[in-house]
file entry_15.cif (mmCIF, C-alpha atoms)
data_target
loop_
_atom_site.label_atom_id
_atom_site.label_comp_id
_atom_site.auth_asym_id
_atom_site.auth_seq_id
_atom_site.Cartn_x
_atom_site.Cartn_y
_atom_site.Cartn_z
CA MET A 204 62.58 75.25 89.53
CA ASP A 205 63.11 71.50 89.10
CA GLN A 206 66.81 71.79 89.99
CA TYR A 207 66.16 73.34 93.43
CA SER A 208 64.10 72.52 96.47
CA LEU A 209 62.40 75.29 98.44
CA VAL A 210 63.52 75.71 102.07
CA LYS A 211 61.48 78.80 102.94
CA VAL A 212 60.39 82.23 101.76
CA ILE A 213 62.74 84.84 103.21
CA GLY A 214 61.33 88.03 101.69
CA GLU A 215 58.66 89.59 99.50
CA GLY A 216 58.50 92.89 97.68
CA SER A 217 57.23 94.70 94.62
CA PHE A 218 59.66 92.67 92.48
CA GLY A 219 58.31 89.28 93.66
CA ARG A 220 59.78 86.92 96.26
CA ALA A 221 63.16 85.94 97.69
CA LEU A 222 63.39 82.20 98.35
CA LEU A 223 65.93 80.15 100.29
CA VAL A 224 66.65 77.05 98.22
CA GLN A 225 68.99 74.07 98.00
CA PRO A 226 70.09 72.15 94.88
CA ILE A 227 68.42 68.75 94.57
CA ASN A 228 71.70 67.17 93.43
CA GLY A 229 72.69 66.62 97.09
CA GLU A 230 74.81 69.76 97.47
CA LYS A 231 74.21 70.91 101.05
CA LEU A 232 74.52 74.62 100.33
CA ASN A 233 71.88 77.30 100.66
CA TYR A 234 71.23 79.80 97.89
CA VAL A 235 68.91 82.74 97.48
CA MET A 236 66.57 82.52 94.53
CA LYS A 237 64.99 85.78 93.45
CA GLU A 238 61.62 85.18 91.78
CA ILE A 239 60.63 88.07 89.48
CA ARG A 240 57.31 88.30 87.67
CA LEU A 241 58.05 89.02 84.03
CA PRO A 242 55.92 91.81 82.53
CA LYS A 243 54.19 91.15 79.23
CA ALA A 244 55.69 94.15 77.46
CA GLU A 245 58.94 93.40 75.64
CA SER A 246 60.70 96.48 77.09
CA GLY A 247 59.70 95.42 80.60
CA MET A 248 61.05 91.92 80.03
CA ARG A 249 64.39 93.32 78.86
CA ASN A 250 64.63 95.47 81.99
CA SER A 251 63.87 92.50 84.23
CA ARG A 252 66.50 90.34 82.55
CA ARG A 253 69.09 93.10 82.87
CA GLU A 254 69.64 92.34 86.57
CA ALA A 255 70.66 88.76 85.83
CA VAL A 256 73.01 89.89 83.06
CA LEU A 257 74.68 92.52 85.23
CA LEU A 258 75.02 90.26 88.26
CA SER A 259 76.56 87.50 86.15
CA ARG A 260 79.33 89.92 85.14
CA MET A 261 80.18 90.94 88.71
CA LYS A 262 82.95 88.80 90.16
CA HIS A 263 84.33 90.39 93.32
CA THR A 264 84.78 89.37 96.94
CA ASN A 265 82.47 92.15 98.13
CA ILE A 266 79.63 91.54 95.67
CA VAL A 267 76.97 88.85 96.06
CA ALA A 268 78.04 86.00 93.76
CA PHE A 269 75.87 84.94 90.83
CA LYS A 270 75.16 81.21 90.37
CA ASP A 271 72.42 80.71 87.80
CA SER A 272 69.37 82.24 86.09
CA PHE A 273 66.46 80.80 84.12
CA GLU A 274 62.86 81.51 83.17
CA ASP A 275 59.85 79.36 83.98
CA ASP A 276 56.09 79.88 83.94
CA GLY A 277 56.23 83.64 83.36
CA HIS A 278 58.90 84.25 86.02
CA LEU A 279 62.58 85.03 85.94
CA TYR A 280 64.64 83.24 88.58
CA ILE A 281 68.07 84.50 89.65
CA VAL A 282 70.06 82.16 91.90
CA MET A 283 72.79 83.79 93.94
CA GLU A 284 74.98 83.44 97.02
CA PHE A 285 73.21 83.28 100.37
CA CYS A 286 74.56 85.70 102.99
CA SER A 287 73.53 84.13 106.27
CA GLY A 288 74.54 87.18 108.32
CA GLY A 289 71.54 89.15 107.08
CA ASP A 290 71.66 92.73 105.84
CA LEU A 291 73.03 95.87 107.47
CA LEU A 292 69.55 97.26 108.15
CA GLN A 293 68.81 94.24 110.33
CA ARG A 294 72.12 94.66 112.16
CA ILE A 295 71.44 98.35 112.75
CA ARG A 296 68.02 97.60 114.23
CA GLN A 297 69.47 94.88 116.45
CA GLN A 298 71.83 97.41 118.04
CA LYS A 299 68.97 99.27 119.75
CA ASP A 300 70.84 102.30 121.16
CA VAL A 301 74.31 100.74 121.33
CA LEU A 302 76.60 102.24 118.69
CA PHE A 303 78.89 100.10 116.57
CA SER A 304 82.60 100.32 117.30
CA GLU A 305 84.68 102.58 115.09
CA ASP A 306 86.74 99.61 113.94
CA MET A 307 83.66 97.66 112.86
CA ILE A 308 82.24 100.66 110.97
CA LEU A 309 85.49 101.27 109.10
CA LYS A 310 85.86 97.58 108.25
CA TRP A 311 82.37 97.35 106.77
CA PHE A 312 82.61 100.70 104.99
CA THR A 313 85.95 99.77 103.39
CA GLN A 314 84.45 96.59 101.96
CA MET A 315 81.40 98.50 100.73
CA CYS A 316 83.72 100.90 98.93
CA LEU A 317 85.77 98.10 97.38
CA GLY A 318 82.64 96.42 96.02
CA THR A 319 81.21 99.72 94.75
CA LYS A 320 84.51 100.70 93.13
CA TYR A 321 84.48 97.42 91.21
CA ILE A 322 80.95 98.18 90.03
CA HIS A 323 81.91 101.68 88.93
CA ASP A 324 85.01 100.36 87.16
CA GLN A 325 82.61 98.32 85.01
CA ARG A 326 80.81 101.61 84.21
CA VAL A 327 77.74 100.43 86.11
CA LEU A 328 75.68 102.52 88.52
CA HIS A 329 74.03 100.58 91.32
CA ARG A 330 71.41 103.31 91.94
CA ASP A 331 69.92 101.65 95.02
CA LEU A 332 72.73 101.43 97.55
CA LYS A 333 71.20 101.26 101.02
CA SER A 334 71.72 99.30 104.21
CA LYS A 335 69.01 96.80 103.20
CA ASN A 336 70.95 95.92 100.02
CA ILE A 337 74.29 95.35 101.75
CA PHE A 338 74.67 91.87 103.17
CA LEU A 339 76.93 90.05 105.63
CA THR A 340 78.29 86.53 105.55
CA ASP A 341 78.90 84.38 108.63
CA SER A 342 82.54 85.46 108.60
CA GLY A 343 81.56 89.15 108.60
CA THR A 344 82.40 89.88 104.96
CA VAL A 345 80.29 92.62 103.38
CA LYS A 346 78.57 91.88 100.07
CA VAL A 347 76.85 94.49 97.89
CA GLY A 348 73.72 93.02 96.31
CA ASP A 349 70.39 93.66 94.54
CA PHE A 350 71.20 94.95 91.06
CA GLY A 351 67.53 95.33 90.13
CA SER A 352 67.93 99.10 89.70
CA ALA A 353 71.43 99.12 88.21
CA CYS A 354 72.23 100.57 84.81
CA THR A 355 75.24 100.65 82.52
CA LEU A 356 76.76 103.89 81.19
CA ASN A 357 78.20 104.10 77.70
CA SER A 358 81.35 105.87 78.86
CA ALA A 359 83.16 106.89 82.02
CA LYS A 360 81.82 110.45 81.67
CA ALA A 361 78.22 109.55 80.80
CA TYR A 362 75.19 110.42 82.92
CA ALA A 363 71.95 108.63 83.72
CA GLN A 364 68.60 110.38 83.38
CA THR A 365 65.85 108.15 84.80
CA TYR A 366 65.13 108.37 88.53
CA VAL A 367 65.67 105.19 90.52
CA GLY A 368 66.36 104.74 94.22
CA THR A 369 65.01 104.73 97.76
CA PRO A 370 64.00 108.24 98.98
CA TYR A 371 66.14 108.29 102.14
CA TYR A 372 69.26 107.57 100.07
CA VAL A 373 68.55 109.65 96.95
CA SER A 374 71.08 112.37 96.05
CA PRO A 375 70.17 116.07 95.56
CA GLU A 376 70.81 116.02 91.80
CA ILE A 377 68.13 113.34 91.35
CA TRP A 378 65.59 115.31 93.39
CA ASP A 379 66.56 118.32 91.27
CA ASN A 380 65.81 116.31 88.12
CA LYS A 381 69.37 116.62 86.82
CA PRO A 382 71.53 114.00 85.09
CA TYR A 383 73.60 111.97 87.54
CA ASN A 384 76.55 109.58 87.55
CA ASN A 385 78.65 107.53 90.00
CA LYS A 386 78.68 110.42 92.48
CA SER A 387 75.03 109.63 93.23
CA ASP A 388 76.13 106.20 94.51
CA VAL A 389 78.74 108.01 96.64
CA TRP A 390 75.95 110.04 98.28
CA SER A 391 74.00 106.84 99.01
CA LEU A 392 77.09 105.20 100.56
CA GLY A 393 77.49 108.31 102.71
CA CYS A 394 73.96 107.72 104.00
CA VAL A 395 74.84 104.11 104.87
CA LEU A 396 78.05 105.21 106.62
CA TYR A 397 76.09 107.79 108.62
CA GLU A 398 73.57 105.10 109.63
CA LEU A 399 76.38 102.86 110.88
CA CYS A 400 77.76 105.73 112.96
CA THR A 401 74.46 106.97 114.44
CA LEU A 402 71.92 104.13 113.89
CA GLN A 403 69.70 106.76 112.23
CA HIS A 404 69.06 108.13 108.75
CA PRO A 405 71.00 111.34 108.07
CA PHE A 406 67.95 113.02 106.53
CA GLN A 407 64.67 112.56 108.35
CA ALA A 408 61.44 114.53 108.04
CA ARG A 409 57.70 114.22 108.53
CA SER A 410 56.83 115.11 104.96
CA TRP A 411 58.23 114.59 101.48
CA LYS A 412 58.73 118.32 101.04
CA SER A 413 60.80 118.62 104.22
CA LEU A 414 62.85 115.54 103.33
CA ILE A 415 63.68 116.85 99.87
CA LEU A 416 64.61 120.27 101.25
CA LYS A 417 66.96 118.71 103.79
CA VAL A 418 68.63 116.55 101.16
CA CYS A 419 69.02 119.40 98.66
CA ARG A 420 70.53 121.62 101.36
CA GLY A 421 72.72 118.85 102.74
CA THR A 422 71.37 119.50 106.24
CA TYR A 423 72.14 116.74 108.76
CA ALA A 424 72.99 116.40 112.44
CA PRO A 425 76.75 115.98 113.05
CA LEU A 426 78.24 112.62 113.96
CA PRO A 427 78.84 111.80 117.64
CA SER A 428 81.94 113.66 118.85
CA HIS A 429 83.90 110.52 119.77
CA PHE A 430 84.46 109.64 116.11
CA PRO A 431 87.75 110.86 114.60
CA TYR A 432 87.92 114.11 112.68
CA GLU A 433 88.70 112.25 109.44
CA LEU A 434 85.34 110.46 109.62
CA HIS A 435 83.48 113.75 110.16
CA TYR A 436 85.43 115.20 107.23
CA LEU A 437 84.57 112.24 104.98
CA ILE A 438 80.83 112.42 105.73
CA LYS A 439 80.90 116.16 105.05
CA HIS A 440 82.40 115.64 101.61
CA MET A 441 80.21 112.68 100.67
CA PHE A 442 77.22 114.95 101.41
CA LYS A 443 78.37 117.79 99.17
CA THR A 444 75.25 118.90 97.31
CA ASN A 445 77.25 119.55 94.12
CA PRO A 446 78.25 116.09 92.83
CA ARG A 447 81.46 117.50 91.30
CA ASP A 448 82.64 118.34 94.82
CA ARG A 449 82.03 114.81 96.11
CA PRO A 450 84.99 112.40 96.10
CA SER A 451 84.81 109.31 93.93
CA ILE A 452 85.15 105.88 95.55
CA HIS A 453 88.66 105.69 94.10
CA THR A 454 89.59 108.96 95.85
CA ILE A 455 88.05 107.84 99.16
CA LEU A 456 90.15 104.67 99.15
CA SER A 457 93.40 106.17 97.91
CA SER A 458 93.89 109.85 98.57
CA HIS A 459 91.13 111.23 100.78
CA ARG A 460 91.97 112.43 104.27
CA ALA A 461 90.12 109.42 105.68
CA SER A 462 91.88 106.88 103.44
CA ARG A 463 94.52 106.07 106.07
CA LEU A 464 91.75 104.94 108.41
CA LEU A 465 90.52 102.51 105.75
CA GLN A 466 93.86 101.04 104.60
CA LYS A 467 94.26 98.73 107.61
CA HIS A 468 90.99 97.02 106.70
CA MET A 469 92.12 96.10 103.19
CA THR A 470 93.62 92.73 102.36
CA PRO A 471 97.41 92.67 101.79
CA GLU A 472 96.90 92.17 98.03
CA LEU A 473 94.60 95.17 97.72
CA ALA A 474 96.76 97.32 100.00
CA LYS A 475 99.85 96.52 97.90
CA ASP A 476 98.19 97.65 94.69
CA ARG A 477 96.51 100.75 96.12
CA PRO A 478 97.35 104.13 94.57
CA LEU A 479 99.70 106.49 96.36
CA GLN A 480 98.16 108.71 98.99
CA VAL A 481 98.53 112.47 98.95
CA GLY A 482 101.96 113.42 100.25
CA GLU A 483 103.22 109.84 100.10
CA SER A 484 106.14 108.87 97.88
CA ARG A 485 106.65 105.44 96.33
CA MET A 486 109.68 105.03 98.57
CA GLU A 487 107.56 105.70 101.68
CA LYS A 488 104.91 103.27 100.53
CA ASN A 489 107.25 100.36 99.83
CA SER A 490 110.16 100.98 102.20
CA SER A 491 108.88 103.27 104.93
CA ASP A 492 110.90 101.47 107.61
CA ASP A 493 114.08 100.94 105.60
CA SER A 494 116.37 103.83 106.46
CA ALA A 495 119.04 102.61 104.03
CA SER A 496 116.69 103.15 101.10
CA ARG A 497 115.95 106.80 101.86
CA LYS A 498 117.39 109.63 99.82
CA ARG A 499 120.47 111.18 101.40
CA TRP A 500 123.25 113.65 100.62
CA ALA A 501 126.80 112.33 100.62
CA VAL A 502 129.22 113.73 103.17
CA GLY A 503 131.42 116.37 101.61
CA SER A 504 131.62 120.07 100.96
CA CYS A 505 131.51 122.09 97.77
CA ASN A 506 130.83 125.71 96.99
CA THR A 507 128.91 125.31 93.72
CA VAL A 508 125.43 123.99 93.07
CA LEU A 509 126.61 121.49 90.45
CA GLY A 510 129.35 120.23 92.74
CA VAL A 511 126.86 119.43 95.50
CA LEU A 512 124.49 117.76 93.06
CA GLY A 513 127.35 115.77 91.57
CA ASN A 514 128.30 114.37 94.97
CA ALA A 515 124.71 113.62 95.97
CA ASP A 516 124.01 109.93 96.64
CA ILE A 517 120.41 109.74 95.52
CA ILE A 518 118.67 106.50 94.61
CA SER A 519 118.13 106.46 90.84
CA THR A 520 114.80 106.00 89.13
CA SER A 521 115.87 102.69 87.64
CA SER A 522 116.74 101.20 91.02
CA MET A 523 113.42 102.35 92.43
CA GLU A 524 111.61 100.59 89.59
CA THR A 525 113.55 97.40 90.31
CA ASN A 526 112.43 97.50 93.94
CA LEU A 527 108.86 98.40 93.10
CA ILE A 528 108.20 95.88 90.34
CA SER A 529 108.40 92.25 91.29
CA GLU A 530 108.75 89.43 88.79
CA SER A 531 105.36 88.08 89.78
CA GLU A 532 103.48 91.20 88.67
CA SER A 533 101.75 91.34 85.30
CA VAL A 534 103.07 93.47 82.44
CA GLU A 535 99.99 95.67 82.71
CA THR A 536 100.66 96.29 86.41
CA GLN A 537 104.30 97.07 85.65
CA GLN A 538 103.35 99.59 83.00
CA ARG A 539 100.93 101.24 85.39
CA ARG A 540 103.57 101.55 88.11
CA VAL A 541 106.28 103.08 85.89
CA ARG A 542 105.81 106.83 86.00
CA LYS A 543 107.29 109.68 84.03
CA GLN A 544 111.05 110.05 84.39
CA TRP A 545 113.47 112.93 84.11
CA ASP A 546 115.63 113.06 81.00
CA LYS A 547 118.88 111.26 81.74
CA ASP A 548 120.91 113.88 79.84
CA PRO A 549 120.24 117.34 81.33
CA PRO A 550 120.67 120.43 79.08
CA GLU A 551 124.32 121.42 78.69
CA ARG A 552 123.53 125.12 79.08
CA LEU A 553 121.87 124.52 82.43
CA LEU A 554 124.83 122.43 83.58
CA SER A 555 127.22 125.21 82.70
CA VAL A 556 125.14 127.68 84.71
CA LEU A 557 125.06 125.40 87.73
CA GLU A 558 128.80 124.82 87.46
CA LYS A 559 129.46 128.54 87.88
CA ALA A 560 126.69 129.31 90.37
CA GLN A 561 127.73 129.72 93.99
CA LEU A 562 126.06 127.49 96.53
CA CYS A 563 124.03 130.38 97.91
CA PHE A 564 121.98 130.36 94.68
CA GLY A 565 120.80 126.85 95.51
CA PHE A 566 119.01 128.02 98.66
CA GLU A 567 116.82 130.62 96.98
CA THR A 568 113.37 130.20 95.49
CA TYR A 569 112.91 131.44 91.94
CA THR A 570 109.82 132.40 90.01
CA ILE A 571 109.74 131.89 86.24
CA HIS A 572 107.33 134.45 84.80
CA ARG A 573 105.23 134.15 81.67
CA ASP A 574 107.56 136.45 79.76
CA GLY A 575 110.52 134.19 80.52
CA SER A 576 112.06 136.41 83.21
CA VAL A 577 113.36 134.89 86.45
CA SER A 578 113.24 136.56 89.85
CA PRO A 579 114.33 135.26 93.26
CA GLU A 580 111.74 135.31 96.00
CA PRO A 581 112.55 137.31 99.14
CA GLY A 582 112.22 134.19 101.27
CA ASP A 583 109.53 132.31 103.16
CA LYS A 584 107.35 134.59 105.27
CA VAL A 585 105.34 132.26 107.42
CA ASP A 586 103.85 134.98 109.62
CA GLY A 587 103.95 137.80 107.09
CA PRO A 588 101.01 139.58 105.48
CA GLU A 589 98.77 137.57 103.21
CA GLU A 590 99.52 137.73 99.51
CA THR A 591 96.98 139.26 97.16
CA ILE A 592 95.18 136.48 95.31
CA THR A 593 95.05 137.21 91.60
CA ASP A 594 93.74 133.84 90.35
CA PHE A 595 90.52 133.16 92.22
CA SER A 596 89.86 129.97 90.21
CA ARG A 597 92.52 128.26 92.34
CA LEU A 598 90.20 128.62 95.35
CA GLU A 599 87.37 126.75 93.66
CA PRO A 600 86.94 123.07 94.68
CA ARG A 601 88.34 120.67 92.13
CA SER A 602 86.43 117.66 90.90
CA ASP A 603 87.89 114.18 90.58
CA ASP A 604 87.90 114.64 86.82
CA GLU A 605 90.59 117.28 87.30
CA ASP A 606 92.71 115.20 89.68
CA THR A 607 95.35 114.20 87.19
CA ASP A 608 99.01 114.79 86.56
CA PHE A 609 99.80 117.58 84.16
CA GLU A 610 102.78 119.50 82.89
CA GLU A 611 102.66 123.10 81.76
CA GLU A 612 105.04 123.90 78.94
CA CYS A 613 106.97 127.15 79.13
CA PRO A 614 108.04 128.35 75.66
CA TYR A 615 110.29 131.09 77.01
CA ASP A 616 114.05 130.76 77.44
CA TRP A 617 114.43 131.34 81.17
CA ILE A 618 117.98 129.94 81.24
CA ASP A 619 119.17 133.20 79.61
CA GLU A 620 117.87 135.12 82.60
CA LEU A 621 119.51 132.69 85.01
CA GLU A 622 122.86 133.05 83.23
CA LYS A 623 122.68 136.84 83.55
CA MET A 624 121.97 136.60 87.28
CA VAL A 625 124.95 134.27 87.85
CA ASP A 626 127.31 136.46 85.75
CA GLU A 627 126.22 139.65 87.53
CA HIS A 628 126.80 138.03 90.89
#
call {"tool": "encode", "arguments": {"input": "entry_15.cif", "output": "structure tokens"}}
result
Amino acid sequence: MDQYSLVKVIGEGSFGRALLVQPINGEKLNYVMKEIRLPKAESGMRNSRREAVLLSRMKHTNIVAFKDSFEDDGHLYIVMEFCSGGDLLQRIRQQKDVLFSEDMILKWFTQMCLGTKYIHDQRVLHRDLKSKNIFLTDSGTVKVGDFGSACTLNSAKAYAQTYVGTPYYVSPEIWDNKPYNNKSDVWSLGCVLYELCTLQHPFQARSWKSLILKVCRGTYAPLPSHFPYELHYLIKHMFKTNPRDRPSIHTILSSHRASRLLQKHMTPELAKDRPLQVGESRMEKNSSDDSASRKRWAVGSCNTVLGVLGNADIISTSSMETNLISESESVETQQRRVRKQWDKDPPERLLSVLEKAQLCFGFETYTIHRDGSVSPEPGDKVDGPEETITDFSRLEPRSDDEDTDFEEECPYDWIDELEKMVDEH
């Protein structure tokens, strides 16, 4: 304590006290010093010190910055950045009945997600995300803080077992005494987002039993109707009672239906490095307004499939990589951006088939069956009868763990069938 002078006590809790301090070396900056009473048991001391260790590792714009930690007279002191704008709970209470603007909500929520994503990328669960633990600076920047309940997982697919959290923000799997992972933090962030939209908790009840039942059923009042559909949709999915059906923070920022609402609130550096959104090509992301860079067919006529493809003026993969990868990017970033490519030398047999095939073959849709046979589809029937669903697993919701690129190998020689169809025609 000798290095800092006390300005005032700004908070007290079960952990100890939060003090506003200044360095005695003349530096005119305020810091928050968290004073934690160290338990006598060795295991308890290790748990108390864990917060300082975790916070010291977190270096991100949207996480409260660590400055120093030390022990003195049976207490652990953690010195960290002071967020003079207070916490989100204070801001919510100051609003009375006046709702925040949609733009303000999305700005704050985006920064919360960016900070939480960084935490999850370090394989750390915060476990106590709530409006009281999310702070604001004078400039309006959001900072995620209070790592007193955080824990580290051994792997990306590991689960935590011990219950930690604030009841209003606790996910159903914790109430159900099940193992939990980063999706529990997603539920808690959904509660904070709902509070910003309505100024109320999503799950309220007069008894613990009623509260737990509401949480486990995912029962909440809908958002005010003036908010966009994408925001309603996002809240709905963050409150999925099965954690596997909840989006990860990465999905929310990159490919969720609401992600386009959040992109405008990201800094240019973060927006540039964001993953592709669903339905968005790399060309659209980097050159959406450049008509000259779009794929196009060359003017000309030909009556065979191969002839049309041969005359096609399509931007090559190599040129796309040149445009996408700048000299200033790191090698790791370049490797991440380069995706799988088609073989430059297509099979000769397939080329010979396309050389003989009339152009009309190029406008049909073909199905390659498991036995290697090929059959043309009768055509698109937009308003026709519904097809019989034979694989009901495709209707089941997919988890983020399954959201990955894959290729299914087909061991059968379907080109034989295609050759027969062309010859018979």
call {"tool": "resolve_selection", "arguments": {"input": "entry_15.cif", "expression": "the PyMOL selection byres ((chain A and resi 277) around 10)", "output": "PyMOL selection string"}}
result
chain A and resi 239-243+274-276+278-280
call {"tool": "resolve_selection", "arguments": {"input": "entry_15.cif", "expression": "the PyMOL selection byres ((chain A and resi 335-350) around 8)", "output": "list in words"}}
result
Glu254, Leu257, Leu258, Thr264, Asn265, Ile266, Val267, Phe285, Cys286, Ser287, Gly288, Gly289, Asp290, Leu291, Leu292, Gln293, Trp311, Gln314, Met315, Gly318, Thr319, His329, Asp331, Leu332, Lys333, Ser334, Gly351, Ser352 and Ala353 of chain A
call {"tool": "atom_distance", "arguments": {"input": "entry_15.cif", "atom1": "CA of Thr355 in chain A", "atom2": "CA of Val327 in chain A"}}
result
4.4 Å
call {"tool": "closest_residue", "arguments": {"input": "entry_15.cif", "among": "A:Met469, A:Met441, A:Ile452, A:Val224", "to": "Asp205 in chain A", "atoms": "all atoms listed in the file"}}
result
A:Val224
call {"tool": "residues_near_point", "arguments": {"input": "entry_15.cif", "point": "(77.5, 100.7, 115.4)", "cutoff": "12 Å", "atoms": "all atoms listed in the file", "output": "compact mmCIF listing (two decimals) with C-alpha atoms, in the frame of the given file"}}
result
# COMPACT_ATOMS: atom_id res chain seq x y z
CA LEU A 291 73.03 95.87 107.47
CA LEU A 292 69.55 97.26 108.15
CA GLN A 293 68.81 94.24 110.33
CA ARG A 294 72.12 94.66 112.16
CA ILE A 295 71.44 98.35 112.75
CA ARG A 296 68.02 97.60 114.23
CA GLN A 297 69.47 94.88 116.45
CA GLN A 298 71.83 97.41 118.04
CA LYS A 299 68.97 99.27 119.75
CA ASP A 300 70.84 102.30 121.16
CA VAL A 301 74.31 100.74 121.33
CA LEU A 302 76.60 102.24 118.69
CA PHE A 303 78.89 100.10 116.57
CA SER A 304 82.60 100.32 117.30
CA GLU A 305 84.68 102.58 115.09
CA ASP A 306 86.74 99.61 113.94
CA MET A 307 83.66 97.66 112.86
CA ILE A 308 82.24 100.66 110.97
CA LEU A 309 85.49 101.27 109.10
CA LYS A 310 85.86 97.58 108.25
CA TRP A 311 82.37 97.35 106.77
CA PHE A 312 82.61 100.70 104.99
CA VAL A 395 74.84 104.11 104.87
CA LEU A 396 78.05 105.21 106.62
CA TYR A 397 76.09 107.79 108.62
CA GLU A 398 73.57 105.10 109.63
CA LEU A 399 76.38 102.86 110.88
CA CYS A 400 77.76 105.73 112.96
CA THR A 401 74.46 106.97 114.44
CA LEU A 402 71.92 104.13 113.89
CA GLN A 403 69.70 106.76 112.23
CA PRO A 427 78.84 111.80 117.64
CA PHE A 430 84.46 109.64 116.11
call {"tool": "closest_residue", "arguments": {"input": "entry_15.cif", "among": "A:Cys419, A:Leu557, A:Cys316, A:Val373", "to": "Ser462 in chain A", "atoms": "all atoms listed in the file"}}
result
A:Cys316
call {"tool": "closest_residue", "arguments": {"input": "entry_15.cif", "among": "A:Arg220, A:Lys386, A:Arg253, A:Lys417", "to": "His440 in chain A", "atoms": "all atoms listed in the file"}}
result
A:Lys386
call {"tool": "atom_distance", "arguments": {"input": "entry_15.cif", "atom1": "CA of Leu437 in chain A", "atom2": "CA of Ser413 in chain A"}}
result
24.6 Å
call {"tool": "atom_distance", "arguments": {"input": "entry_15.cif", "atom1": "CA of Val235 in chain A", "atom2": "CA of Lys270 in chain A"}}
result
9.6 Å
call {"tool": "closest_residue", "arguments": {"input": "entry_15.cif", "among": "A:Leu232, A:Leu464, A:Cys354, A:Ile281", "to": "Ala255 in chain A", "atoms": "all atoms listed in the file"}}
result
A:Ile281
call {"tool": "closest_residue", "arguments": {"input": "entry_15.cif", "among": "A:Tyr371, A:Phe218, A:Ile322, A:Asp379", "to": "His404 in chain A", "atoms": "only C-alpha atoms"}}
result
A:Tyr371
call {"tool": "decode", "arguments": {"input": "entry_15.cif", "residues": "range 287-301 of chain A", "atoms": "N, CA and C atoms", "output": "short mmCIF file (atom, residue, chain, number, x, y, z; two decimals), in the first residue's frame"}}
result
data_model
loop_
_atom_site.label_atom_id
_atom_site.label_comp_id
_atom_site.auth_asym_id
_atom_site.auth_seq_id
_atom_site.Cartn_x
_atom_site.Cartn_y
_atom_site.Cartn_z
N SER A 287 -14.12 5.54 -15.32
CA SER A 287 -14.84 6.63 -14.65
C SER A 287 -16.29 6.72 -15.08
N GLY A 288 -16.68 6.01 -16.13
CA GLY A 288 -18.08 6.06 -16.58
C GLY A 288 -19.01 5.17 -15.78
N GLY A 289 -18.47 4.46 -14.79
CA GLY A 289 -19.32 3.58 -13.98
C GLY A 289 -19.59 2.26 -14.67
N ASP A 290 -20.54 1.50 -14.15
CA ASP A 290 -20.88 0.22 -14.75
C ASP A 290 -22.25 0.31 -15.44
N LEU A 291 -22.56 -0.71 -16.22
CA LEU A 291 -23.81 -0.69 -16.99
C LEU A 291 -25.04 -0.74 -16.10
N LEU A 292 -24.94 -1.39 -14.95
CA LEU A 292 -26.09 -1.42 -14.04
C LEU A 292 -26.45 -0.02 -13.59
N GLN A 293 -25.44 0.79 -13.28
CA GLN A 293 -25.71 2.18 -12.90
C GLN A 293 -26.37 2.94 -14.04
N ARG A 294 -25.85 2.74 -15.26
CA ARG A 294 -26.42 3.44 -16.41
C ARG A 294 -27.86 3.02 -16.67
N ILE A 295 -28.15 1.74 -16.48
CA ILE A 295 -29.52 1.25 -16.67
C ILE A 295 -30.47 1.89 -15.66
N ARG A 296 -30.03 1.98 -14.42
CA ARG A 296 -30.88 2.58 -13.38
C ARG A 296 -31.06 4.08 -13.59
N GLN A 297 -30.07 4.73 -14.16
CA GLN A 297 -30.18 6.17 -14.43
C GLN A 297 -31.21 6.48 -15.53
N GLN A 298 -31.50 5.50 -16.36
CA GLN A 298 -32.41 5.73 -17.48
C GLN A 298 -33.86 5.89 -17.04
N LYS A 299 -34.17 5.45 -15.82
CA LYS A 299 -35.57 5.46 -15.36
C LYS A 299 -36.40 4.61 -16.32
N ASP A 300 -37.32 5.24 -17.07
CA ASP A 300 -38.14 4.50 -18.03
C ASP A 300 -37.80 4.84 -19.47
N VAL A 301 -36.71 5.55 -19.69
CA VAL A 301 -36.33 5.95 -21.04
C VAL A 301 -35.38 4.91 -21.62
#
